[in-house]
Amino acid sequence: MTQAKAKFTTFEDYLTYSDETPLEGRYELIEGALVKLPPESEPNNWIANHLQFLLVMANVVPLRLIRIHALELQVPVLRPKDAANRYPDLVVLRPEHLNLMKRRLTLTLDMPPPRLIVEVVSPGKSNHDRDYIHKRAQYAAIAVAEYWLVDPVGQTVAVLALSGDSYEEIGVFSQQMAIASAELAGLELTPEQIFALDS
């Protein structure tokens, strides 16, 4: 990851700067510095795109309320080196978000949280820890109702539901098991469908 030179004391300073000085690519704000994110891998990008298609086809979420890779989400910094913003692989929005994001595709802490966040887990311990520990804690802290961890290596989907101020596991689903979701009523979807490469 490469770092941009600007330093910021608040998230609002960063938003003002990035509005006035458009940035190429996606950046996380870590300890006041901008850290450029690398491009997504093709398999992870495919899975997020495919899942978006499957959710729309299942008629449980309108296409307009799903964003992949591009939505910026402000999150609390809970430990040193945490990013103050994330770009989830897939986000299911609430209808009111459409009016709140007319200026930029950013959800801040003063806005309602998204209904659902999905992260496609990349291989490696640091990626695993980021998705299973750090992002999990940050998403719970802003009260995202449901969090999915889609693991291409294990071919599983872990579904977590907010309970108080932390997540409880609804289940880890694989193969032809029906994925249980409290947020997406009527969903009929299996991990096998999500991981199908030739769809």
# chains A, B, ... in the order shown; residues from 1 in each chain; ligands from 1

$ residues_around --residues "Tyr167 in chain A" --least-positions-apart "3" --cutoff "12 Å" --atoms "only C-alpha atoms" --output "ChimeraX atom specification"
/A:132-133,135-148,158-164,170-171

$ write_last_selection --atoms "C-alpha atoms" --output "PDB file, in the first residue's frame"
ATOM      1  CA  TYR A 132     -12.929 -11.659  11.328  1.00  0.00           C
ATOM      2  CA  ILE A 133     -11.694  -9.448  14.195  1.00  0.00           C
ATOM      3  CA  LYS A 135     -13.842  -5.053  10.811  1.00  0.00           C
ATOM      4  CA  ARG A 136     -16.235  -7.227  12.807  1.00  0.00           C
ATOM      5  CA  ALA A 137     -15.718  -5.037  15.877  1.00  0.00           C
ATOM      6  CA  GLN A 138     -15.974  -1.798  13.879  1.00  0.00           C
ATOM      7  CA  TYR A 139     -19.177  -2.839  12.098  1.00  0.00           C
ATOM      8  CA  ALA A 140     -20.736  -3.917  15.399  1.00  0.00           C
ATOM      9  CA  ALA A 141     -19.769  -0.560  16.929  1.00  0.00           C
ATOM     10  CA  ILE A 142     -21.873   1.288  14.320  1.00  0.00           C
ATOM     11  CA  ALA A 143     -24.766  -1.177  14.752  1.00  0.00           C
ATOM     12  CA  VAL A 144     -24.767  -2.876  11.340  1.00  0.00           C
ATOM     13  CA  ALA A 145     -27.531  -5.451  11.858  1.00  0.00           C
ATOM     14  CA  GLU A 146     -25.931  -8.315   9.927  1.00  0.00           C
ATOM     15  CA  TYR A 147     -22.406  -9.164   8.782  1.00  0.00           C
ATOM     16  CA  TRP A 148     -21.474 -11.961   6.369  1.00  0.00           C
ATOM     17  CA  ALA A 158     -20.603 -17.155   8.090  1.00  0.00           C
ATOM     18  CA  VAL A 159     -23.653 -15.073   9.048  1.00  0.00           C
ATOM     19  CA  LEU A 160     -23.419 -12.876  12.144  1.00  0.00           C
ATOM     20  CA  ALA A 161     -26.319 -10.943  13.683  1.00  0.00           C
ATOM     21  CA  LEU A 162     -25.967  -7.971  16.002  1.00  0.00           C
ATOM     22  CA  SER A 163     -26.864  -8.764  19.601  1.00  0.00           C
ATOM     23  CA  GLY A 164     -26.377  -5.797  21.907  1.00  0.00           C
ATOM     24  CA  ILE A 170     -26.280 -17.384  13.272  1.00  0.00           C
ATOM     25  CA  GLY A 171     -24.382 -20.126  11.460  1.00  0.00           C
TER      26      GLY A 171
END

$ select_by_dssp --residues "range 11-198 of chain A" --states "helix (DSSP H, G or I)" --output "MDAnalysis selection string"
chainID A and resid 11:20 42:57 63:65 97:100 125:141 191:194

$ closest_atom_pairs --of "range 111-194 of chain A" --to "range 29-53 of chain A" --cutoff "8 Å" --atoms "only C-alpha atoms" --output "CSV"
residue,atom,partner,partner_atom,distance
A:Val120,CA,A:Asn44,CA,6.0
A:Val121,CA,A:Asn44,CA,7.9
A:Ser122,CA,A:Asn44,CA,7.5
A:Ile194,CA,A:Leu51,CA,6.0

$ closest_residue --among "A:Val118, A:Ala182, A:Val91, A:Leu73" --to "Val157 in chain A" --atoms "only C-alpha atoms"
A:Val118

$ residues_around --residues "Glu188 in chain A" --least-positions-apart "4" --cutoff "12 Å" --atoms "only C-alpha atoms" --output "compact mmCIF listing (two decimals) with C-alpha atoms, in the first residue's frame"
# COMPACT_ATOMS: atom_id res chain seq x y z
CA LEU A 54 -28.07 -13.40 -6.82
CA LEU A 55 -29.63 -11.08 -4.20
CA VAL A 56 -31.41 -9.08 -6.88
CA MET A 57 -32.61 -12.24 -8.65
CA ALA A 58 -33.89 -13.58 -5.30
CA ASN A 59 -36.04 -10.44 -5.11
CA VAL A 60 -34.97 -9.67 -1.53
CA GLN A 176 -26.20 -26.72 -0.43
CA MET A 177 -27.14 -25.44 3.04
CA ALA A 178 -29.70 -22.62 2.95
CA ILE A 179 -28.13 -19.39 4.23
CA ALA A 180 -30.16 -18.02 7.16
CA SER A 181 -30.55 -14.25 7.24
CA LEU A 184 -33.12 -10.64 4.09
CA GLU A 192 -22.78 -23.42 -3.73
CA GLN A 193 -24.64 -20.79 -5.76
CA ILE A 194 -22.36 -17.98 -4.56

$ closest_residue --among "A:Pro112, A:Pro95, A:Pro80, A:Pro123" --to "Arg64 in chain A" --atoms "only C-alpha atoms"
A:Pro95

$ residues_around --residues "Arg67 in chain A" --least-positions-apart "5" --cutoff "8 Å" --atoms "only C-alpha atoms" --output "list in words"
Leu90, Val91, Val92 and Leu93 of chain A

$ write_last_selection --atoms "C-alpha atoms" --output "tab-separated table (two decimals), in the first residue's frame"
chain	number	residue	atom	x	y	z
A	90	LEU	CA	-20.88	-5.54	-0.61
A	91	VAL	CA	-23.28	-3.30	1.30
A	92	VAL	CA	-27.07	-3.45	1.50
A	93	LEU	CA	-28.34	0.09	2.10

$ closest_residue --among "A:Val61, A:Met111, A:Leu71, A:Leu15" --to "Tyr87 in chain A" --atoms "only C-alpha atoms"
A:Leu71

$ residues_around --residues "range 18-23 of chain A" --least-positions-apart "6" --cutoff "10 Å" --atoms "only C-alpha atoms" --output "list of chain:residue names"
A:Ala4, A:Glu12, A:Lys36, A:Arg103, A:Arg104

$ closest_residue --among "A:Gln155, A:Glu119, A:Leu197, A:Phe11" --to "Val77 in chain A" --atoms "only C-alpha atoms"
A:Phe11

$ select_by_dssp --residues "range 97-126 of chain A" --states "strand (DSSP E or B)" --output "PyMOL selection string"
chain A and resi 106-107+116-120

$ atom_distance --atom1 "CA of Leu107 in chain A" --atom2 "CA of Ile68 in chain A"
13.8 Å

$ closest_residue --among "A:Asp110, A:Asp151, A:Asp89, A:Asp13" --to "Pro191 in chain A" --atoms "only C-alpha atoms"
A:Asp151

$ closest_residue --among "A:Leu116, A:Leu100, A:Val75, A:Val172" --to "His134 in chain A" --atoms "only C-alpha atoms"
A:Val75

$ atom_distance --atom1 "CA of Ala70 in chain A" --atom2 "CA of Asn85 in chain A"
11.9 Å
